[in-house]
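Shown next: work37.txt, containing compact mmCIF, C-alpha atoms and all ligand atoms.
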```txt
# COMPACT_ATOMS: atom_id res chain seq x y z
CA MET W 1 83.90 -16.70 -54.50
CA MET W 2 83.88 -18.89 -51.34
CA LYS W 3 86.89 -18.33 -49.07
CA GLU W 4 89.15 -21.34 -48.55
CA LYS W 5 88.63 -22.71 -45.04
CA PHE W 6 91.60 -23.70 -42.88
CA LEU W 7 91.34 -25.78 -39.69
CA ILE W 8 94.28 -25.63 -37.26
CA VAL W 9 94.45 -28.29 -34.55
CA GLY W 10 96.44 -27.09 -31.51
CA GLY W 11 96.80 -23.57 -30.15
CA GLY W 12 100.35 -23.58 -28.81
CA LEU W 13 103.10 -21.48 -30.41
CA SER W 14 102.92 -23.42 -33.72
CA GLY W 15 99.15 -23.18 -34.13
CA VAL W 16 98.84 -19.50 -33.23
CA ALA W 17 101.81 -18.47 -35.42
CA ILE W 18 100.19 -20.18 -38.42
CA GLY W 19 96.74 -18.81 -37.56
CA TYR W 20 98.15 -15.29 -37.38
CA HIS W 21 99.82 -15.51 -40.79
CA LEU W 22 96.73 -17.03 -42.45
CA ILE W 23 94.56 -14.25 -40.99
CA GLN W 24 97.06 -11.73 -42.43
CA LYS W 25 96.41 -13.34 -45.82
CA GLY W 26 92.66 -12.87 -45.34
CA LYS W 27 91.89 -16.58 -44.94
CA ASP W 28 88.99 -18.19 -43.08
CA VAL W 29 90.62 -19.75 -40.01
CA THR W 30 89.25 -22.01 -37.28
CA LEU W 31 91.63 -22.97 -34.46
CA LEU W 32 90.78 -25.84 -32.12
CA ASP W 33 92.73 -26.11 -28.87
CA ASP W 34 91.90 -28.19 -25.83
CA GLN W 35 93.87 -25.79 -23.57
CA ASN W 36 96.05 -28.61 -22.36
CA ASN W 37 98.88 -26.37 -23.29
CA HIS W 38 102.07 -27.31 -21.55
CA SER W 39 105.12 -26.45 -23.60
CA SER W 40 104.32 -23.06 -25.11
CA ILE W 41 103.02 -21.48 -21.89
CA VAL W 42 105.62 -23.01 -19.60
CA ALA W 43 108.50 -21.92 -21.85
CA ALA W 44 110.69 -19.08 -20.63
CA GLY W 45 110.38 -17.67 -24.15
CA MET W 46 114.08 -16.85 -24.48
CA ILE W 47 115.57 -16.16 -27.88
CA ASN W 48 119.30 -16.82 -27.92
CA PRO W 49 121.09 -16.58 -31.28
CA LEU W 50 124.10 -18.67 -30.18
CA VAL W 51 124.72 -22.32 -29.31
CA PHE W 52 127.19 -22.20 -26.45
CA ARG W 53 128.70 -25.68 -26.56
CA ARG W 54 130.93 -24.88 -29.53
CA MET W 55 130.08 -21.18 -29.72
CA THR W 56 128.33 -21.45 -33.07
CA LYS W 57 125.43 -19.50 -34.47
CA SER W 58 122.01 -21.14 -34.27
CA TRP W 59 120.56 -22.64 -37.45
CA ARG W 60 119.38 -19.85 -39.89
CA VAL W 61 119.75 -17.27 -37.14
CA ASP W 62 120.41 -14.43 -39.61
CA ASP W 63 116.97 -15.09 -41.11
CA PHE W 64 115.14 -15.79 -37.86
CA ILE W 65 116.24 -12.87 -35.66
CA PRO W 66 115.20 -10.01 -37.99
CA TYR W 67 111.86 -11.69 -38.59
CA CYS W 68 111.33 -12.19 -34.83
CA GLU W 69 111.95 -8.47 -34.25
CA GLN W 70 109.34 -7.56 -36.83
CA PHE W 71 106.80 -10.23 -35.82
CA TYR W 72 106.85 -9.83 -32.03
CA SER W 73 106.99 -6.02 -32.21
CA SER W 74 103.90 -6.06 -34.38
CA ILE W 75 102.04 -8.36 -31.94
CA GLU W 76 103.21 -6.17 -29.05
CA LYS W 77 101.76 -3.09 -30.75
CA GLN W 78 98.41 -4.83 -31.07
CA ALA W 79 98.62 -6.00 -27.44
CA ASP W 80 99.33 -2.49 -26.24
CA ARG W 81 101.35 -4.05 -23.41
CA PRO W 82 105.01 -5.08 -23.35
CA LEU W 83 105.55 -8.72 -24.30
CA PHE W 84 108.76 -8.60 -26.37
CA HIS W 85 111.78 -7.76 -24.22
CA PRO W 86 115.33 -7.23 -25.49
CA ILE W 87 117.87 -8.57 -22.98
CA THR W 88 121.60 -9.28 -22.82
CA ILE W 89 122.64 -12.85 -22.06
CA ARG W 90 125.86 -13.16 -20.06
CA ARG W 91 127.44 -16.56 -20.68
CA PHE W 92 129.88 -17.67 -17.99
CA PHE W 93 132.50 -19.73 -19.81
CA SER W 94 132.68 -23.30 -18.58
CA SER W 95 136.25 -23.94 -19.81
CA GLN W 96 139.32 -22.30 -21.29
CA GLN W 97 138.31 -23.85 -24.62
CA GLU W 98 134.94 -22.10 -24.55
CA LYS W 99 136.58 -18.78 -23.76
CA ASP W 100 139.04 -19.32 -26.64
CA PHE W 101 136.16 -20.05 -29.04
CA TRP W 102 134.61 -16.72 -28.06
CA THR W 103 137.88 -14.82 -28.40
CA THR W 104 138.45 -16.19 -31.89
CA LYS W 105 134.90 -15.69 -33.11
CA GLN W 106 134.05 -12.28 -31.71
CA ILE W 107 136.19 -10.61 -34.39
CA LEU W 108 134.61 -12.46 -37.32
CA PRO W 109 132.07 -10.35 -39.24
CA GLU W 110 129.39 -13.08 -39.13
CA PHE W 111 129.52 -13.15 -35.32
CA SER W 112 129.91 -9.46 -34.58
CA SER W 113 126.17 -8.77 -34.47
CA TYR W 114 125.73 -11.43 -31.76
CA MET W 115 128.89 -11.20 -29.59
CA GLU W 116 130.08 -8.19 -27.61
CA MET W 117 133.87 -7.87 -27.69
CA LEU W 118 135.28 -9.16 -24.40
CA THR W 119 136.45 -6.47 -21.99
CA ASP W 120 138.60 -6.80 -18.85
CA LYS W 121 135.42 -6.34 -16.86
CA ASP W 122 133.80 -9.32 -18.61
CA LEU W 123 136.85 -11.49 -18.05
CA ASN W 124 136.82 -10.71 -14.35
CA PHE W 125 133.05 -10.69 -13.93
CA ASN W 126 132.11 -13.65 -11.77
CA GLU W 127 129.04 -12.29 -9.98
CA GLU W 128 129.66 -13.91 -6.64
CA ALA W 129 129.66 -17.42 -7.94
CA VAL W 130 133.15 -18.63 -7.13
CA LEU W 131 132.66 -21.57 -9.49
CA ASN W 132 133.26 -19.33 -12.52
CA ASP W 133 136.97 -19.22 -13.36
CA PHE W 134 137.01 -18.19 -17.00
CA GLY W 135 135.04 -14.94 -17.13
CA SER W 136 132.02 -14.30 -19.29
CA GLY W 137 130.87 -13.02 -22.68
CA ARG W 138 127.78 -10.98 -23.50
CA VAL W 139 125.36 -12.04 -26.25
CA LYS W 140 123.63 -9.35 -28.31
CA LYS W 141 120.34 -9.66 -30.20
CA SER W 142 118.71 -11.78 -27.49
CA PHE W 143 115.14 -11.41 -26.29
CA TRP W 144 112.49 -12.93 -24.10
CA ILE W 145 108.79 -13.18 -24.78
CA ASP W 146 106.04 -13.06 -22.17
CA THR W 147 104.67 -16.38 -23.42
CA LYS W 148 101.32 -16.33 -21.61
CA LEU W 149 100.49 -12.83 -22.82
CA PHE W 150 101.72 -13.59 -26.34
CA LEU W 151 99.50 -16.67 -26.68
CA GLU W 152 96.48 -14.80 -25.28
CA VAL W 153 96.91 -11.84 -27.61
CA VAL W 154 97.43 -13.87 -30.78
CA LYS W 155 94.44 -16.09 -29.96
CA GLU W 156 92.41 -12.93 -29.51
CA ILE W 157 93.53 -11.63 -32.93
CA ILE W 158 92.61 -14.95 -34.56
CA ASN W 159 89.27 -15.04 -32.78
CA THR W 160 88.41 -11.50 -33.83
CA ASN W 161 89.01 -12.38 -37.49
CA GLY W 162 88.15 -16.08 -37.39
CA ASN W 163 87.23 -18.67 -34.79
CA VAL W 164 89.05 -20.02 -31.73
CA ILE W 165 87.30 -22.98 -30.11
CA SER W 166 88.39 -24.51 -26.78
CA GLU W 167 87.80 -28.13 -27.59
CA LEU W 168 89.57 -31.43 -28.12
CA PHE W 169 89.88 -32.46 -31.77
CA ASP W 170 88.41 -35.96 -31.77
CA HIS W 171 90.27 -38.01 -34.39
CA SER W 172 87.46 -40.57 -34.52
CA GLU W 173 85.15 -37.87 -35.93
CA TYR W 174 87.54 -36.91 -38.71
CA ASP W 175 87.53 -38.14 -42.29
CA ALA W 176 91.07 -37.44 -43.50
CA ALA W 177 90.36 -38.46 -47.10
CA SER W 178 87.81 -35.65 -47.53
CA THR W 179 89.29 -33.33 -44.81
CA THR W 180 85.88 -33.24 -43.17
CA TYR W 181 85.51 -32.78 -39.41
CA LYS W 182 82.14 -33.41 -37.78
CA GLY W 183 80.44 -32.92 -41.17
CA GLU W 184 82.26 -29.66 -42.04
CA HIS W 185 84.62 -29.63 -44.99
CA PHE W 186 87.95 -27.74 -44.86
CA SER W 187 90.38 -27.09 -47.73
CA CYS W 188 93.28 -27.87 -45.40
CA VAL W 189 93.70 -29.24 -41.92
CA ILE W 190 96.97 -28.34 -40.17
CA PHE W 191 97.99 -30.41 -37.16
CA CYS W 192 100.05 -28.50 -34.54
CA GLU W 193 99.62 -30.89 -31.63
CA GLY W 194 103.12 -30.77 -30.15
CA TYR W 195 104.27 -34.06 -28.59
CA ARG W 196 100.69 -35.39 -28.80
CA SER W 197 101.10 -35.94 -32.55
CA ARG W 198 102.06 -39.50 -31.51
CA ASP W 199 98.29 -40.03 -30.89
CA ASN W 200 97.35 -38.73 -34.33
CA PRO W 201 96.54 -41.74 -36.59
CA LEU W 202 97.82 -39.90 -39.68
CA PHE W 203 101.14 -38.64 -38.33
CA SER W 204 102.10 -41.08 -35.56
CA TYR W 205 104.75 -42.59 -37.90
CA LEU W 206 106.86 -39.44 -37.57
CA PRO W 207 109.69 -39.39 -35.00
CA VAL W 208 108.45 -36.47 -32.86
CA GLN W 209 109.98 -37.05 -29.45
CA SER W 210 108.81 -35.91 -26.03
CA THR W 211 111.46 -34.04 -24.09
CA LYS W 212 110.25 -32.96 -20.69
CA GLY W 213 111.47 -29.66 -19.27
CA GLU W 214 111.12 -28.15 -15.82
CA LEU W 215 111.56 -24.57 -14.78
CA MET W 216 111.29 -22.73 -11.47
CA GLU W 217 110.17 -19.21 -10.70
CA ILE W 218 112.02 -17.54 -7.85
CA ILE W 219 112.07 -14.27 -5.99
CA SER W 220 115.38 -12.85 -4.82
CA PRO W 221 115.56 -9.30 -3.42
CA ASP W 222 119.39 -9.50 -3.36
CA LEU W 223 119.98 -10.59 -6.95
CA GLU W 224 120.04 -7.38 -8.92
CA THR W 225 120.96 -8.35 -12.44
CA THR W 226 119.12 -7.04 -15.49
CA GLU W 227 121.07 -9.50 -17.67
CA SER W 228 120.19 -13.15 -18.12
CA TYR W 229 123.00 -15.31 -16.70
CA ASN W 230 123.81 -18.61 -18.31
CA ARG W 231 125.89 -21.62 -17.36
CA LYS W 232 124.46 -25.10 -16.73
CA CYS W 233 121.10 -23.33 -16.51
CA PHE W 234 119.75 -19.85 -17.15
CA VAL W 235 118.38 -17.21 -14.84
CA LEU W 236 116.06 -14.73 -16.52
CA PRO W 237 115.00 -11.51 -14.75
CA THR W 238 111.31 -10.82 -15.39
CA GLY W 239 111.00 -7.72 -13.18
CA GLN W 240 110.53 -6.74 -9.55
CA HIS W 241 113.11 -9.26 -8.32
CA HIS W 242 111.30 -12.15 -9.97
CA PHE W 243 113.33 -14.61 -12.06
CA LYS W 244 112.83 -17.77 -14.10
CA VAL W 245 115.43 -20.49 -13.72
CA GLY W 246 115.62 -23.42 -16.12
CA ALA W 247 115.52 -25.73 -17.65
CA THR W 248 115.88 -29.48 -17.25
CA TYR W 249 115.95 -31.97 -20.15
CA LYS W 250 114.35 -35.39 -19.66
CA TRP W 251 114.10 -37.53 -22.75
CA ASN W 252 111.08 -39.73 -23.62
CA ASN W 253 108.98 -38.42 -20.79
CA THR W 254 105.35 -37.37 -21.29
CA ASP W 255 104.40 -36.50 -17.72
CA PRO W 256 104.30 -32.69 -17.48
CA ILE W 257 104.19 -32.66 -13.66
CA PRO W 258 107.55 -31.48 -12.26
CA GLU W 259 109.45 -34.24 -10.50
CA ASP W 260 110.22 -34.16 -6.77
CA ASN W 261 113.91 -33.46 -7.32
CA ALA W 262 113.44 -30.71 -9.97
CA ALA W 263 113.86 -27.78 -7.56
CA ASP W 264 116.97 -29.35 -5.97
CA ASP W 265 118.41 -30.08 -9.38
CA LEU W 266 117.93 -26.49 -10.60
CA THR W 267 119.11 -25.03 -7.27
CA GLU W 268 122.34 -27.01 -7.59
CA LYS W 269 122.88 -25.59 -11.10
CA LEU W 270 122.03 -22.07 -9.97
CA LYS W 271 125.09 -22.16 -7.70
CA TYR W 272 127.17 -21.57 -10.84
CA LEU W 273 125.40 -18.25 -11.40
CA THR W 274 124.77 -16.70 -8.00
CA THR W 275 125.20 -17.21 -4.30
CA LYS W 276 122.36 -14.84 -3.39
CA ASP W 277 119.41 -16.13 -1.35
CA PHE W 278 116.14 -16.82 -3.11
CA LYS W 279 112.74 -18.36 -2.54
CA VAL W 280 111.09 -20.72 -5.03
CA THR W 281 107.58 -19.44 -5.81
CA ARG W 282 106.50 -21.95 -8.48
CA LEU W 283 107.68 -25.06 -10.29
CA LEU W 284 106.48 -25.71 -13.83
CA GLY W 285 106.80 -28.61 -16.24
CA GLY W 286 106.10 -29.10 -19.94
CA ILE W 287 106.85 -31.42 -22.85
CA ARG W 288 108.86 -30.09 -25.79
CA PRO W 289 108.24 -31.67 -29.21
CA THR W 290 111.78 -32.47 -30.37
CA THR W 291 113.39 -34.39 -33.25
CA LEU W 292 116.64 -36.34 -33.50
CA ASP W 293 117.99 -34.27 -36.40
CA ARG W 294 117.02 -31.06 -34.52
CA ARG W 295 114.90 -29.79 -37.38
CA PRO W 296 111.13 -29.27 -37.33
CA ILE W 297 108.84 -31.51 -39.38
CA ILE W 298 106.61 -29.51 -41.69
CA GLY W 299 104.47 -30.27 -44.73
CA GLU W 300 101.69 -32.29 -46.30
CA HIS W 301 101.04 -35.94 -45.51
CA PRO W 302 102.58 -37.96 -48.39
CA LYS W 303 99.31 -39.82 -49.07
CA ALA W 304 96.41 -37.99 -47.38
CA LYS W 305 96.24 -34.77 -49.38
CA GLY W 306 95.05 -31.63 -47.61
CA ASN W 307 96.43 -32.85 -44.24
CA TYR W 308 99.48 -30.97 -42.98
CA ILE W 309 101.74 -31.08 -39.94
CA PHE W 310 103.80 -28.31 -38.34
CA ASN W 311 105.74 -29.76 -35.43
CA GLY W 312 109.10 -30.54 -33.80
CA LEU W 313 110.00 -26.95 -32.88
CA GLY W 314 112.34 -28.26 -30.17
CA THR W 315 114.16 -26.06 -27.69
CA LYS W 316 114.23 -22.83 -29.71
CA GLY W 317 110.59 -22.63 -30.79
CA TYR W 318 110.15 -18.95 -30.01
CA MET W 319 113.03 -18.03 -32.31
CA ILE W 320 112.17 -20.22 -35.28
CA ALA W 321 108.34 -20.43 -35.27
CA PRO W 322 107.44 -16.97 -36.64
CA LEU W 323 109.42 -17.20 -39.90
CA LEU W 324 108.78 -20.93 -40.39
CA ALA W 325 105.03 -20.27 -39.99
CA LYS W 326 105.24 -17.50 -42.58
CA GLU W 327 107.16 -19.76 -45.00
CA PHE W 328 104.67 -22.56 -44.40
CA CYS W 329 101.69 -20.28 -45.12
CA ASP W 330 103.37 -19.05 -48.31
CA HIS W 331 103.77 -22.70 -49.26
CA LEU W 332 100.06 -23.36 -48.59
CA THR W 333 98.71 -20.37 -50.46
CA ASP W 334 101.33 -19.73 -53.16
CA LYS W 335 102.95 -23.18 -53.53
CA ILE W 336 106.39 -21.80 -52.60
CA PRO W 337 108.55 -24.89 -51.91
CA LEU W 338 109.55 -25.63 -48.31
CA ASN W 339 113.15 -25.69 -47.17
CA ASN W 340 114.40 -29.31 -47.62
CA GLU W 341 115.78 -29.49 -44.09
CA ILE W 342 112.32 -29.26 -42.51
CA ASP W 343 110.31 -31.08 -45.15
CA ILE W 344 108.14 -33.97 -43.92
CA HIS W 345 109.17 -35.96 -47.01
CA ARG W 346 112.53 -36.78 -45.44
CA PHE W 347 110.57 -39.39 -43.43
CA ASP W 348 108.54 -40.95 -46.27
CA GLN W 349 110.40 -44.24 -45.87
CA LEU W 350 109.06 -44.56 -42.33
CA LEU W 351 105.49 -44.38 -43.64
CA SER W 352 106.05 -47.30 -46.01
CA LEU W 353 107.54 -49.32 -43.13
CA THR W 354 104.45 -48.77 -40.96
CA SER W 355 101.71 -49.16 -43.60
C1 LIG W 401 110.49 -25.92 -19.50
C2 LIG W 401 110.53 -25.45 -20.93
C3 LIG W 401 111.24 -24.29 -21.24
C4 LIG W 401 111.30 -23.85 -22.56
N1 LIG W 401 111.98 -22.68 -22.79
C5 LIG W 401 112.01 -22.20 -24.06
C6 LIG W 401 112.65 -20.96 -24.32
O1 LIG W 401 113.13 -20.26 -23.40
N2 LIG W 401 112.70 -20.51 -25.61
C7 LIG W 401 112.14 -21.23 -26.64
O2 LIG W 401 112.20 -20.78 -27.79
N3 LIG W 401 111.52 -22.41 -26.42
C8 LIG W 401 111.44 -22.91 -25.15
N4 LIG W 401 110.80 -24.10 -24.92
C9 LIG W 401 110.31 -24.88 -26.08
C10 LIG W 401 108.98 -24.36 -26.63
O3 LIG W 401 108.08 -24.33 -25.57
C11 LIG W 401 108.46 -25.26 -27.76
O4 LIG W 401 109.35 -25.21 -28.84
C12 LIG W 401 107.10 -24.79 -28.30
O5 LIG W 401 106.30 -24.30 -27.28
C13 LIG W 401 106.35 -25.91 -29.00
O6 LIG W 401 105.11 -25.38 -29.42
P1 LIG W 401 103.99 -26.26 -30.11
O7 LIG W 401 102.85 -25.36 -30.41
O8 LIG W 401 104.58 -27.02 -31.26
O9 LIG W 401 103.57 -27.35 -29.01
P2 LIG W 401 102.71 -27.18 -27.67
O10 LIG W 401 103.11 -26.00 -26.90
O11 LIG W 401 102.79 -28.50 -26.97
O12 LIG W 401 101.23 -26.94 -28.16
C14 LIG W 401 100.41 -27.96 -28.68
C15 LIG W 401 98.96 -27.54 -28.44
O13 LIG W 401 98.09 -28.44 -29.12
C16 LIG W 401 97.01 -28.79 -28.27
N5 LIG W 401 96.52 -30.09 -28.73
C17 LIG W 401 97.24 -31.23 -28.92
N6 LIG W 401 96.43 -32.21 -29.40
C18 LIG W 401 95.19 -31.66 -29.50
C19 LIG W 401 93.92 -32.16 -29.93
N7 LIG W 401 93.76 -33.42 -30.37
N8 LIG W 401 92.84 -31.33 -29.90
C20 LIG W 401 92.95 -30.03 -29.49
N9 LIG W 401 94.14 -29.50 -29.06
C21 LIG W 401 95.24 -30.30 -29.08
C22 LIG W 401 97.63 -28.77 -26.87
O14 LIG W 401 96.65 -28.60 -25.88
C23 LIG W 401 98.56 -27.58 -26.98
O15 LIG W 401 97.86 -26.40 -26.68
C24 LIG W 401 110.67 -24.57 -23.61
C25 LIG W 401 109.94 -25.71 -23.29
C26 LIG W 401 109.85 -26.15 -21.96
C27 LIG W 401 109.04 -27.37 -21.65
```
Just give me the structure of the file as structure tokens.
Amino acid sequence: MMKEKFLIVGGGLSGVAIGYHLIQKGKDVTLLDDQNNHSSIVAAGMINPLVFRRMTKSWRVDDFIPYCEQFYSSIEKQADRPLFHPITIRRFFSSQQEKDFWTTKQILPEFSSYMEMLTDKDLNFNEEAVLNDFGSGRVKKSFWIDTKLFLEVVKEIINTNGNVISELFDHSEYDAASTTYKGEHFSCVIFCEGYRSRDNPLFSYLPVQSTKGELMEIISPDLETTESYNRKCFVLPTGQHHFKVGATYKWNNTDPIPEDNAADDLTEKLKYLTTKDFKVTRLLGGIRPTTLDRRPIIGEHPKAKGNYIFNGLGTKGYMIAPLLAKEFCDHLTDKIPLNNEIDIHRFDQLLSLTS
């Protein structure tokens, strides 16, 4: 029997996570990526189970974190190099209210796997940043991914078992009705184009927004932390006195080049976390695909059958992509229904307005 053929357009986090799961299912996979990959490579790759503003748990975190541990460890084994790093995040409380939220929640069973109980040391731990008056709390079950290595390794796995082609997908050469690209027929075409889905004639009706982010890499021989500090921005130790500091949020902006004031902006925020000297070694910019309801947009086009989208991963892509990609692939191959919150059909009304 002929194998079903799957074409994935876009080789950022979304595309490679889907490609990996389809390969696991023994499918015939071709992944097209034009290497114009801003968001997934630029990302710091942090996985933080909490949302600090109101000290709540992230959406579906109890499902996502265990799956991340399994997924990234398995990729790391195949990479034979470390790419999945457990880390503690130390959140410096920005107000008495935030500290009170932590104090109340740390004793609740549903939070105990993510929050260390506050100690006197935490409450008096200010690093040297005099701007911190309320102490800090330590987040458990946090990680960071070496994003560049991760993307390289998964693309390699897909290429060994399928095909990875460095090429732009030209929409003018695509017949969506028959899912045929340049004369080749596919059973399914899955679009994972990040913020560039706005240029996709099939899916441009969807409200995928472009949220620019900037991040700086620094070196600081005096800053000795092995924890990631967080308040107003984050500082992530990546080894040998190198750190990532980020990130900015600039709405409706599709220019990935960092702006002139990005380093000043992040340096100003970094004052809340350390007073140690540092040197900026690199500034990076990328465009996150975000949505107003903060949920990804996943599923089959309501009219053009066989055409799928997997997009809108937002600010926590590295935490949510692995399990969502698995659920999506189970939906493709075994017709298991998608979670309503992420289903593309919540936007069907927009399609009728534009057609
Ligand atoms: C500064 C910054 C920091 C971040 N930090 C974190 C973090 O710490 N933790 C976290 O979880 N998330 C973080 N994110 C968010 C995360 O990067 C995104 O959620 C995720 O990378 C989105 O992945 P994606 O594959 O959907 O999109 P993208 O990464 O944009 O990938 C889309 C891919 O599709 C390709 N493509 C598009 N159109 C075509 C076409 N027509 N033909 C061929 N190829 C095409 C592009 O070249 C690209 O490779 C950060 C983002 C930024 C910008």
Nearest candidate to ligand LIG 401 (chain W) (options W:Ala247, W:Leu350, W:Ile309, W:Ala17; using only C-alpha atoms and all ligand atoms):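 Of all the options, W:Ala247 lies closest to ligand LIG 401 (chain W).
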Residues near region 131-133 of chain W, cut-off 12 Å, all atoms listed in the file, skip fewer than 3 positions along chain, as a count of residues only: 28
Selection within 7 Å of ligand LIG 401 (chain W) by all atoms listed in the file, output as a VMD selection string: chain W and resid 9 to 15 32 to 47 167 to 170 192 to 197 212 to 215 246 to 248 284 to 289 311 to 319
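Nearest residue to Lys25 (chain W) among W:Thr119, W:Gln240, W:Thr290, W:Thr333 is W:Thr333, counting all atoms listed in the file.
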Atomic distance CA of Thr56 (chain W) - CA of Ser142 (chain W), expressed in Å with one decimal: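 Going from CA of Thr56 (chain W) over to CA of Ser142 (chain W) covers 14.7 Å.
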Would you pick out the contacts of Val164 (chain W) at 10 Å or less, using only C-alpha atoms, so that residues sharing its chain but fewer than 2 positions from it are not included, and give the list as an mmCIF file with C-alpha atoms, in the coordinates of the input?
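Contents of selection24.cif, as written:
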```
data_model
loop_
_atom_site.group_PDB
_atom_site.id
_atom_site.type_symbol
_atom_site.label_atom_id
_atom_site.label_comp_id
_atom_site.auth_asym_id
_atom_site.auth_seq_id
_atom_site.Cartn_x
_atom_site.Cartn_y
_atom_site.Cartn_z
ATOM 1 C CA ILE W 8 94.280 -25.630 -37.260
ATOM 2 C CA GLY W 11 96.800 -23.570 -30.150
ATOM 3 C CA VAL W 16 98.840 -19.500 -33.230
ATOM 4 C CA GLY W 19 96.740 -18.810 -37.560
ATOM 5 C CA VAL W 29 90.620 -19.750 -40.010
ATOM 6 C CA THR W 30 89.250 -22.010 -37.280
ATOM 7 C CA LEU W 31 91.630 -22.970 -34.460
ATOM 8 C CA LEU W 32 90.780 -25.840 -32.120
ATOM 9 C CA ASP W 33 92.730 -26.110 -28.870
ATOM 10 C CA LYS W 155 94.440 -16.090 -29.960
ATOM 11 C CA GLU W 156 92.410 -12.930 -29.510
ATOM 12 C CA ILE W 157 93.530 -11.630 -32.930
ATOM 13 C CA ILE W 158 92.610 -14.950 -34.560
ATOM 14 C CA ASN W 159 89.270 -15.040 -32.780
ATOM 15 C CA THR W 160 88.410 -11.500 -33.830
ATOM 16 C CA ASN W 161 89.010 -12.380 -37.490
ATOM 17 C CA GLY W 162 88.150 -16.080 -37.390
ATOM 18 C CA SER W 166 88.390 -24.510 -26.780
ATOM 19 C CA GLU W 167 87.800 -28.130 -27.590
#
```
One-decimal distance in Å that lies between CA of Lys250 (chain W) and CA of Lys279 (chain W):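 Rounded to one decimal, the two atoms are 24.2 Å apart.
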Among the residues W:Arg138, W:Met115, W:Asp175, W:Leu266, the one that comes closest to Phe234 (chain W) [using all atoms listed in the file]: W:Leu266
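Nearest to Leu292 (chain W) of all the residues W:Phe64, W:Trp251, W:Phe52, W:Tyr72 is W:Trp251, based on all atoms listed in the file.
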Computed interatomic separation between CA of Phe134 (chain W) and CA of Pro86 (chain W) (Å):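 That distance, rounded to one decimal, is 25.7 Å.
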Spatial sel., origin (115.5, -29.2, -40.0), limit 7 Å, all atoms listed in the file, listed as a PyMOL selection string: chain W and resi 293-296+341-342
Residue nearest Asp334 (chain W) - candidates W:Leu283, W:Leu22, W:Leu151, W:Leu223, atoms counted: only C-alpha atoms: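 Under the stated criterion, the closest residue is W:Leu22.
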Given only C-alpha atoms as the counted atoms, nearest of W:Pro201, W:Phe143, W:Asp277, W:Asp348 to Glu69 (chain W): W:Phe143
Where's the centre, and what are the edge lengths in Å to one decimal, of a box along x, y and z enclosing all listed atoms of region 211-230 of chain W padded 3 Å per side, as lines of an AutoDock Vina configuration file?
```
center_x = 117.0
center_y = -20.5
center_z = -13.7
size_x = 19.6
size_y = 33.0
size_z = 26.7
```
Spatial neighbours of Glu327 (chain W), 12 Å, only C-alpha atoms, chain gap at least 5 places, as number ranges by chain: W: 17-18, 21-22, 63-64, 67, 298-299, 310, 320-322, 332-339, 342-343
